[in-house]
$ cat target_13.cif   # mmCIF, C-alpha atoms
data_work
#
loop_
_atom_site.label_atom_id
_atom_site.label_comp_id
_atom_site.auth_asym_id
_atom_site.auth_seq_id
_atom_site.Cartn_x
_atom_site.Cartn_y
_atom_site.Cartn_z
CA MET A 23 100.60 100.01 82.68
CA LEU A 24 102.49 100.00 79.37
CA GLU A 25 103.35 96.91 77.36
CA VAL A 26 105.18 96.52 74.06
CA ARG A 27 104.59 93.18 72.35
CA ASP A 28 106.75 91.91 69.48
CA LEU A 29 106.97 95.36 67.92
CA ARG A 30 108.40 95.49 64.41
CA LYS A 31 108.92 98.56 62.24
CA GLU A 32 110.03 98.61 58.61
CA PHE A 33 110.66 101.61 56.39
CA GLN A 34 110.27 101.31 52.64
CA PRO A 35 112.64 103.61 50.74
CA LEU A 36 111.75 104.89 47.28
CA SER A 37 114.10 102.30 45.84
CA GLY A 38 115.77 99.23 47.27
CA GLN A 39 114.92 96.82 50.04
CA PRO A 40 112.92 97.71 53.17
CA VAL A 41 114.94 98.93 56.15
CA VAL A 42 114.00 97.08 59.34
CA ALA A 43 114.50 99.43 62.30
CA LEU A 44 112.80 97.35 65.01
CA GLY A 45 113.00 93.58 64.78
CA SER A 46 110.87 92.19 67.62
CA VAL A 47 110.85 94.45 70.68
CA SER A 48 108.97 93.39 73.82
CA PHE A 49 108.99 94.84 77.35
CA ARG A 50 106.75 96.12 80.15
CA VAL A 51 106.70 99.31 82.19
CA GLU A 52 104.95 99.28 85.56
CA ALA A 53 103.01 102.26 86.89
CA GLY A 54 105.16 104.86 88.63
CA GLN A 55 108.49 103.46 87.45
CA PHE A 56 111.38 105.28 85.82
CA VAL A 57 112.60 103.05 82.97
CA SER A 58 115.38 103.82 80.49
CA ILE A 59 116.20 102.41 77.07
CA VAL A 60 119.76 102.33 75.78
CA GLY A 61 121.40 100.77 72.75
CA PRO A 62 123.83 101.34 69.89
CA SER A 63 123.47 104.46 67.79
CA GLY A 64 120.91 103.94 65.02
CA CYS A 65 119.20 100.98 66.68
CA GLY A 66 115.74 102.60 66.52
CA LYS A 67 115.27 104.05 70.00
CA SER A 68 113.49 107.19 68.74
CA THR A 69 111.41 105.13 66.32
CA LEU A 70 110.35 102.93 69.21
CA LEU A 71 109.12 105.94 71.20
CA GLN A 72 107.19 107.26 68.20
CA CYS A 73 105.43 103.90 67.85
CA ILE A 74 104.61 103.84 71.57
CA ALA A 75 103.25 107.40 71.34
CA GLY A 76 100.96 106.44 68.46
CA LEU A 77 102.73 108.79 66.03
CA SER A 78 104.02 105.97 63.84
CA ARG A 79 102.19 102.74 63.09
CA PRO A 80 104.26 99.59 63.66
CA THR A 81 104.60 97.09 60.85
CA ALA A 82 103.73 94.30 63.29
CA GLY A 83 103.19 93.84 66.99
CA ARG A 84 101.25 95.95 69.46
CA VAL A 85 101.56 98.65 72.08
CA LEU A 86 99.14 98.37 75.00
CA LEU A 87 98.33 101.12 77.49
CA HIS A 88 96.21 99.84 80.39
CA GLY A 89 95.48 96.79 78.24
CA ARG A 90 94.12 98.84 75.31
CA GLU A 91 95.93 98.87 71.99
CA VAL A 92 97.51 102.17 70.99
CA THR A 93 96.44 103.06 67.43
CA GLY A 94 96.94 106.83 67.69
CA PRO A 95 98.15 109.35 70.26
CA PRO A 96 96.47 108.18 73.50
CA GLU A 97 95.11 110.40 76.24
CA GLY A 98 97.44 110.51 79.22
CA LEU A 99 100.67 109.89 77.29
CA ILE A 100 103.05 112.64 76.17
CA LEU A 101 106.24 112.43 74.09
CA LEU A 102 108.91 115.03 74.85
CA PHE A 103 111.15 115.36 71.80
CA GLN A 104 114.91 115.77 71.86
CA GLU A 105 114.81 119.11 69.99
CA TYR A 106 112.96 120.90 72.77
CA ASN A 107 113.91 124.36 71.47
CA LYS A 108 111.95 123.71 68.28
CA SER A 109 108.87 122.68 70.23
CA LEU A 110 108.64 125.97 72.14
CA MET A 111 106.73 128.87 70.59
CA ALA A 112 109.11 131.79 70.24
CA TRP A 113 106.29 134.34 70.23
CA ARG A 114 104.93 133.13 73.58
CA SER A 115 106.36 133.89 77.01
CA VAL A 116 107.37 131.11 79.40
CA LEU A 117 103.99 131.41 81.13
CA ARG A 118 102.05 131.24 77.87
CA ASN A 119 104.16 128.32 76.57
CA VAL A 120 103.39 126.29 79.69
CA ARG A 121 99.76 127.41 79.72
CA PHE A 122 99.40 126.13 76.16
CA GLY A 123 99.30 122.61 77.57
CA LEU A 124 96.03 123.50 79.32
CA GLU A 125 94.28 125.65 76.74
CA ASN A 126 92.13 122.88 75.27
CA ARG A 127 91.02 121.64 78.69
CA ALA A 128 87.33 122.22 79.25
CA GLY A 129 86.15 123.97 82.38
CA MET A 130 89.36 125.89 83.14
CA GLY A 131 89.32 129.68 83.09
CA ARG A 132 92.32 131.87 82.24
CA ALA A 133 93.12 132.62 85.89
CA GLU A 134 93.03 128.92 86.82
CA MET A 135 95.23 127.98 83.85
CA ASP A 136 97.73 130.70 84.74
CA ALA A 137 97.87 129.56 88.37
CA GLU A 138 98.49 125.95 87.36
CA ALA A 139 101.13 126.99 84.81
CA ARG A 140 102.90 129.11 87.43
CA ARG A 141 102.93 126.15 89.82
CA TYR A 142 104.79 123.99 87.32
CA ILE A 143 107.12 126.82 86.33
CA ASP A 144 108.03 127.03 90.01
CA LEU A 145 108.46 123.23 90.21
CA VAL A 146 111.05 123.25 87.40
CA GLY A 147 112.95 126.12 89.03
CA LEU A 148 111.97 128.99 86.74
CA LYS A 149 110.03 131.20 89.12
CA GLY A 150 110.66 134.80 88.10
CA PHE A 151 111.06 133.97 84.40
CA GLU A 152 107.35 133.78 83.56
CA ALA A 153 107.46 136.86 81.30
CA HIS A 154 110.65 135.85 79.46
CA TYR A 155 110.64 134.43 75.93
CA PRO A 156 112.42 131.20 74.89
CA TRP A 157 115.11 133.08 72.95
CA GLU A 158 116.02 134.92 76.18
CA LEU A 159 116.75 131.64 78.01
CA SER A 160 119.67 129.21 78.08
CA GLY A 161 119.31 125.72 76.60
CA GLY A 162 118.80 124.17 80.03
CA MET A 163 116.13 126.72 80.90
CA GLN A 164 114.33 126.08 77.62
CA GLN A 165 114.30 122.37 78.42
CA ARG A 166 112.77 123.14 81.82
CA VAL A 167 109.98 125.04 80.05
CA ALA A 168 109.33 122.06 77.76
CA ILE A 169 109.23 119.70 80.77
CA ALA A 170 106.84 122.02 82.64
CA ARG A 171 104.53 122.22 79.62
CA ALA A 172 104.45 118.42 79.40
CA LEU A 173 103.89 117.86 83.12
CA VAL A 174 101.20 120.52 83.48
CA ARG A 175 98.86 118.12 81.67
CA HIS A 176 99.39 115.53 84.43
CA PRO A 177 100.40 112.71 82.04
CA GLU A 178 100.26 109.15 83.28
CA VAL A 179 103.19 108.28 81.02
CA LEU A 180 105.94 110.66 79.91
CA LEU A 181 108.15 109.51 77.02
CA MET A 182 111.45 111.38 76.83
CA ASP A 183 113.69 111.12 73.77
CA GLU A 184 117.29 112.00 74.78
CA PRO A 185 116.06 115.23 76.40
CA PHE A 186 119.46 116.25 77.79
CA GLY A 187 121.63 115.08 74.89
CA SER A 188 122.53 118.55 73.59
CA LEU A 189 123.25 120.17 76.95
CA ASP A 190 126.61 120.76 78.61
CA ALA A 191 127.69 118.37 81.37
CA LEU A 192 126.89 120.60 84.36
CA THR A 193 123.46 121.61 83.04
CA ARG A 194 122.74 117.97 82.30
CA ILE A 195 123.56 116.93 85.88
CA GLU A 196 121.38 119.73 87.25
CA LEU A 197 118.42 118.69 85.08
CA GLU A 198 118.82 115.00 85.91
CA ASP A 199 118.33 115.81 89.58
CA ALA A 200 115.50 118.25 88.84
CA LEU A 201 113.73 115.56 86.81
CA LEU A 202 114.10 113.01 89.61
CA ARG A 203 112.66 115.45 92.13
CA LEU A 204 109.68 116.09 89.86
CA TRP A 205 109.16 112.38 89.21
CA GLU A 206 109.33 111.53 92.91
CA SER A 207 106.78 114.24 93.79
CA LEU A 208 104.37 113.65 90.88
CA ARG A 209 104.86 109.86 90.51
CA ALA A 210 104.34 109.84 86.78
CA THR A 211 105.61 106.86 84.79
CA ILE A 212 108.66 107.80 82.71
CA LEU A 213 110.15 105.95 79.74
CA PHE A 214 113.47 107.62 79.00
CA VAL A 215 115.64 107.09 75.92
CA THR A 216 119.30 108.04 76.23
CA HIS A 217 122.66 107.23 74.67
CA ASP A 218 124.38 107.95 78.00
CA ILE A 219 124.81 104.72 79.99
CA GLU A 220 125.66 106.49 83.26
CA GLU A 221 122.58 108.68 82.94
CA ALA A 222 120.38 105.63 82.41
CA VAL A 223 121.72 103.88 85.50
CA TYR A 224 121.59 107.00 87.66
CA LEU A 225 117.96 107.82 86.85
CA SER A 226 116.28 104.46 86.47
CA ASP A 227 114.59 101.62 88.28
CA ARG A 228 115.19 99.41 85.25
CA VAL A 229 117.18 99.66 82.03
CA TYR A 230 116.34 97.84 78.81
CA VAL A 231 119.29 97.29 76.46
CA LEU A 232 118.55 97.07 72.73
CA SER A 233 120.60 95.20 70.16
CA HIS A 234 121.87 96.65 66.91
CA ARG A 235 119.37 97.09 64.08
CA PRO A 236 116.96 95.38 63.61
CA SER A 237 116.72 95.79 67.34
CA GLN A 238 115.30 93.67 70.08
CA VAL A 239 115.67 93.72 73.86
CA ILE A 240 118.77 91.73 74.77
CA GLU A 241 118.64 92.29 78.52
CA GLU A 242 116.56 93.87 81.27
CA ILE A 243 118.67 95.23 84.12
CA GLU A 244 117.20 96.09 87.50
CA VAL A 245 119.03 99.01 89.12
CA LYS A 246 119.33 98.20 92.81
CA LEU A 247 120.29 101.62 94.09
CA GLU A 248 118.51 103.44 96.91
CA ARG A 249 116.63 106.68 96.40
CA PRO A 250 117.06 109.59 96.67
CA ARG A 251 120.22 109.45 94.59
CA ASN A 252 123.27 111.67 94.73
CA GLN A 253 125.51 112.61 91.82
CA LEU A 254 128.65 111.84 93.85
CA THR A 255 127.89 109.00 96.23
CA THR A 256 125.55 107.09 93.88
CA ARG A 257 128.03 107.17 91.01
CA GLU A 258 130.77 105.88 93.36
CA ASP A 259 128.62 102.96 94.55
CA PRO A 260 130.05 99.59 93.40
CA ARG A 261 126.55 98.58 92.23
CA PHE A 262 126.40 101.65 89.99
CA ILE A 263 129.83 100.92 88.57
CA GLY A 264 128.94 97.25 88.02
CA ALA A 265 125.71 98.09 86.17
CA ARG A 266 127.48 100.69 84.03
CA HIS A 267 130.25 98.28 83.06
CA HIS A 268 127.79 95.50 82.27
CA ILE A 269 125.65 97.68 80.00
CA PHE A 270 128.75 99.06 78.29
CA GLU A 271 129.95 95.53 77.55
CA LEU A 272 126.55 94.56 76.12
CA ILE A 273 126.41 97.58 73.81
CA SER A 274 130.06 97.22 72.77
CA LYS A 275 129.38 93.64 71.66
CA GLU A 276 126.35 94.76 69.67
CA MET A 277 128.32 97.53 67.99
CA ALA A 278 130.97 95.00 67.01
CA LYS A 279 128.30 92.91 65.24
CA ALA A 280 127.00 95.80 63.14
#
$ encode --input "target_13.cif" --output "structure tokens"
Amino acid sequence: MLEVRDLRKEFQPLSGQPVVALGSVSFRVEAGQFVSIVGPSGCGKSTLLQCIAGLSRPTAGRVLLHGREVTGPPEGLILLFQEYNKSLMAWRSVLRNVRFGLENRAGMGRAEMDAEARRYIDLVGLKGFEAHYPWELSGGMQQRVAIARALVRHPEVLLMDEPFGSLDALTRIELEDALLRLWESLRATILFVTHDIEEAVYLSDRVYVLSHRPSQVIEEIEVKLERPRNQLTTREDPRFIGARHHIFELISKEMAKA
């Protein structure tokens, strides 16, 4: 479904030499898979997602969605930013924030949009909070609103940029499981960037490990853990522990090179 071919991204500062964020990044994401990307801090993970989403033009290489080159934001692909609280509209209720994702869709009346928005609000566990405003919600609840607004558009591909990075540990665990339940029921394709190795292994079918900047994929790791997953038993599985240790060793070696 999604293919990244030899992607390179350089930034030209006002003075000095160009900064190469992405060296030559290549990988594939199959339809319906949950794939994570991890790597050292500053290796260009967020830049990579912006290039895939068509928000930033690569210096070289290509992004293909269903075999067609991405040259701008493509239909059917949504990027969920890390700073979810800044993406929500403070003057709109939860219902109206989620409904916003449908308001440019032809042929849908207000009642139909509201019904669809309420369905996704229920799916993310916020039933009863439709009339609340973002500033009345906790960080985890705000993130659920952002996820509902993204999913209400029925994206084929959802790009997520460290969506749980600023949340406390218990809220993070709760949202990991909520996201997996949504993914398993909706079968969207998810490309998930995180700095948390355990989170990547717990959520994913495959994990791509990036090198230090200028980054490239140094290893693709298939996560051979059964679904549905459990925060206790899955994390105690020797296969989980082995994958976590292996990825940690890869990233530690890359950090030592920087």
$ residues_around --input "target_13.cif" --residues "Arg50 (chain A)" --least-positions-apart "6" --cutoff "9 Å" --atoms "only C-alpha atoms" --output "list in words"
Met23, Leu24, Glu25, Val26 and Arg27 of chain A
$ resolve_selection --input "target_13.cif" --expression "the PyMOL selection byres ((chain A and resi 148-163) around 6)" --output "list in words"
Ala112, Ser115, Val116, Leu117, Ile143, Asp144, Val146, Gly147, Gln164, Gln165 and Arg166 of chain A
$ resolve_selection --input "target_13.cif" --expression "the PyMOL selection byres ((chain A and resi 249) around 10)" --output "VMD selection string"
chain A and resid 202 206 225 227 246 to 248 250 to 252 256
$ closest_residue --input "target_13.cif" --among "A:Ser233, A:Thr216, A:Thr211, A:Gln253" --to "Gly45 (chain A)" --atoms "all atoms listed in the file"
A:Ser233
$ resolve_selection --input "target_13.cif" --expression "the PyMOL selection byres ((chain A and resi 178-193) around 7)" --output "PDB file with C-alpha atoms, in the coordinates of the input"
ATOM      1  CA  SER A  68     113.490 107.190  68.740  1.00  0.00           C
ATOM      2  CA  LEU A  71     109.120 105.940  71.200  1.00  0.00           C
ATOM      3  CA  GLY A  98      97.440 110.510  79.220  1.00  0.00           C
ATOM      4  CA  LEU A  99     100.670 109.890  77.290  1.00  0.00           C
ATOM      5  CA  ILE A 100     103.050 112.640  76.170  1.00  0.00           C
ATOM      6  CA  LEU A 101     106.240 112.430  74.090  1.00  0.00           C
ATOM      7  CA  LEU A 102     108.910 115.030  74.850  1.00  0.00           C
ATOM      8  CA  PHE A 103     111.150 115.360  71.800  1.00  0.00           C
ATOM      9  CA  GLN A 104     114.910 115.770  71.860  1.00  0.00           C
ATOM     10  CA  GLY A 161     119.310 125.720  76.600  1.00  0.00           C
ATOM     11  CA  GLY A 162     118.800 124.170  80.030  1.00  0.00           C
ATOM     12  CA  HIS A 176      99.390 115.530  84.430  1.00  0.00           C
ATOM     13  CA  PRO A 177     100.400 112.710  82.040  1.00  0.00           C
ATOM     14  CA  ARG A 194     122.740 117.970  82.300  1.00  0.00           C
ATOM     15  CA  ILE A 195     123.560 116.930  85.880  1.00  0.00           C
ATOM     16  CA  GLU A 196     121.380 119.730  87.250  1.00  0.00           C
ATOM     17  CA  LEU A 197     118.420 118.690  85.080  1.00  0.00           C
ATOM     18  CA  ALA A 210     104.340 109.840  86.780  1.00  0.00           C
ATOM     19  CA  THR A 211     105.610 106.860  84.790  1.00  0.00           C
ATOM     20  CA  ILE A 212     108.660 107.800  82.710  1.00  0.00           C
ATOM     21  CA  LEU A 213     110.150 105.950  79.740  1.00  0.00           C
ATOM     22  CA  PHE A 214     113.470 107.620  79.000  1.00  0.00           C
ATOM     23  CA  VAL A 215     115.640 107.090  75.920  1.00  0.00           C
ATOM     24  CA  THR A 216     119.300 108.040  76.230  1.00  0.00           C
TER      25      THR A 216
END
$ atom_distance --input "target_13.cif" --atom1 "CA of Arg132 (chain A)" --atom2 "CA of Val120 (chain A)"
12.7 Å
$ residues_around --input "target_13.cif" --residues "Ile219 (chain A)" --least-positions-apart "2" --cutoff "12 Å" --atoms "all atoms listed in the file" --output "number ranges by chain"
A: 58-62, 184, 187, 214-217, 221-226, 229-231, 257, 262-274
$ atom_distance --input "target_13.cif" --atom1 "CA of Phe56 (chain A)" --atom2 "CA of Trp205 (chain A)"
8.2 Å
$ atom_distance --input "target_13.cif" --atom1 "CA of Cys73 (chain A)" --atom2 "CA of Arg127 (chain A)"
25.3 Å
$ closest_residue --input "target_13.cif" --among "A:Gly94, A:Gly54, A:Pro260, A:Pro80" --to "Phe33 (chain A)" --atoms "all atoms listed in the file"
A:Pro80
$ residues_around --input "target_13.cif" --residues "region 121-124 of chain A" --least-positions-apart "2" --cutoff "9 Å" --atoms "all atoms listed in the file" --output "MDAnalysis selection string"
chainID A and resid 116:119 126:128 130 135:136 138:140 171:175
$ build_atoms --input "target_13.cif" --residues "region 105-127 of chain A" --atoms "N, CA and C atoms" --output "JSON list (two decimals), in the coordinates of the input"
[["chain", "number", "residue", "atom", "x", "y", "z"],
["A", 105, "GLU", "N", 114.59, 117.73, 70.42],
["A", 105, "GLU", "CA", 114.81, 119.11, 69.99],
["A", 105, "GLU", "C", 113.78, 120.01, 70.66],
["A", 106, "TYR", "N", 113.92, 120.15, 71.96],
["A", 106, "TYR", "CA", 112.96, 120.90, 72.77],
["A", 106, "TYR", "C", 112.84, 122.34, 72.32],
["A", 107, "ASN", "N", 113.95, 122.96, 71.85],
["A", 107, "ASN", "CA", 113.91, 124.36, 71.47],
["A", 107, "ASN", "C", 113.01, 124.60, 70.26],
["A", 108, "LYS", "N", 112.84, 123.58, 69.42],
["A", 108, "LYS", "CA", 111.95, 123.71, 68.28],
["A", 108, "LYS", "C", 110.49, 123.51, 68.65],
["A", 109, "SER", "N", 110.24, 122.92, 69.81],
["A", 109, "SER", "CA", 108.87, 122.68, 70.23],
["A", 109, "SER", "C", 108.28, 123.87, 70.97],
["A", 110, "LEU", "N", 109.13, 124.79, 71.45],
["A", 110, "LEU", "CA", 108.64, 125.97, 72.14],
["A", 110, "LEU", "C", 108.24, 127.04, 71.13],
["A", 111, "MET", "N", 107.23, 127.81, 71.47],
["A", 111, "MET", "CA", 106.73, 128.87, 70.59],
["A", 111, "MET", "C", 107.44, 130.17, 70.93],
["A", 112, "ALA", "N", 108.25, 130.64, 69.99],
["A", 112, "ALA", "CA", 109.11, 131.79, 70.24],
["A", 112, "ALA", "C", 108.33, 133.06, 70.54],
["A", 113, "TRP", "N", 107.10, 133.14, 70.04],
["A", 113, "TRP", "CA", 106.29, 134.34, 70.23],
["A", 113, "TRP", "C", 105.50, 134.31, 71.54],
["A", 114, "ARG", "N", 105.62, 133.24, 72.30],
["A", 114, "ARG", "CA", 104.93, 133.13, 73.58],
["A", 114, "ARG", "C", 105.93, 133.20, 74.73],
["A", 115, "SER", "N", 105.52, 133.85, 75.80],
["A", 115, "SER", "CA", 106.36, 133.89, 77.01],
["A", 115, "SER", "C", 106.42, 132.51, 77.65],
["A", 116, "VAL", "N", 107.28, 132.37, 78.66],
["A", 116, "VAL", "CA", 107.37, 131.11, 79.40],
["A", 116, "VAL", "C", 105.99, 130.73, 79.95],
["A", 117, "LEU", "N", 105.31, 131.69, 80.56],
["A", 117, "LEU", "CA", 103.99, 131.41, 81.13],
["A", 117, "LEU", "C", 103.02, 130.93, 80.06],
["A", 118, "ARG", "N", 103.01, 131.60, 78.93],
["A", 118, "ARG", "CA", 102.05, 131.24, 77.87],
["A", 118, "ARG", "C", 102.44, 129.94, 77.17],
["A", 119, "ASN", "N", 103.75, 129.62, 77.11],
["A", 119, "ASN", "CA", 104.16, 128.32, 76.57],
["A", 119, "ASN", "C", 103.66, 127.19, 77.46],
["A", 120, "VAL", "N", 103.83, 127.34, 78.77],
["A", 120, "VAL", "CA", 103.39, 126.29, 79.69],
["A", 120, "VAL", "C", 101.87, 126.22, 79.72],
["A", 121, "ARG", "N", 101.22, 127.38, 79.69],
["A", 121, "ARG", "CA", 99.76, 127.41, 79.72],
["A", 121, "ARG", "C", 99.15, 126.75, 78.49],
["A", 122, "PHE", "N", 99.90, 126.74, 77.39],
["A", 122, "PHE", "CA", 99.40, 126.13, 76.16],
["A", 122, "PHE", "C", 98.97, 124.69, 76.38],
["A", 123, "GLY", "N", 99.66, 123.99, 77.28],
["A", 123, "GLY", "CA", 99.30, 122.61, 77.57],
["A", 123, "GLY", "C", 97.93, 122.45, 78.19],
["A", 124, "LEU", "N", 97.34, 123.56, 78.65],
["A", 124, "LEU", "CA", 96.03, 123.50, 79.32],
["A", 124, "LEU", "C", 94.91, 124.14, 78.50],
["A", 125, "GLU", "N", 95.24, 124.78, 77.40],
["A", 125, "GLU", "CA", 94.28, 125.65, 76.74],
["A", 125, "GLU", "C", 93.13, 124.91, 76.06],
["A", 126, "ASN", "N", 93.26, 123.63, 75.85],
["A", 126, "ASN", "CA", 92.13, 122.88, 75.27],
["A", 126, "ASN", "C", 91.39, 122.08, 76.33],
["A", 127, "ARG", "N", 91.67, 122.37, 77.60],
["A", 127, "ARG", "CA", 91.02, 121.64, 78.69],
["A", 127, "ARG", "C", 89.72, 122.35, 79.08]]
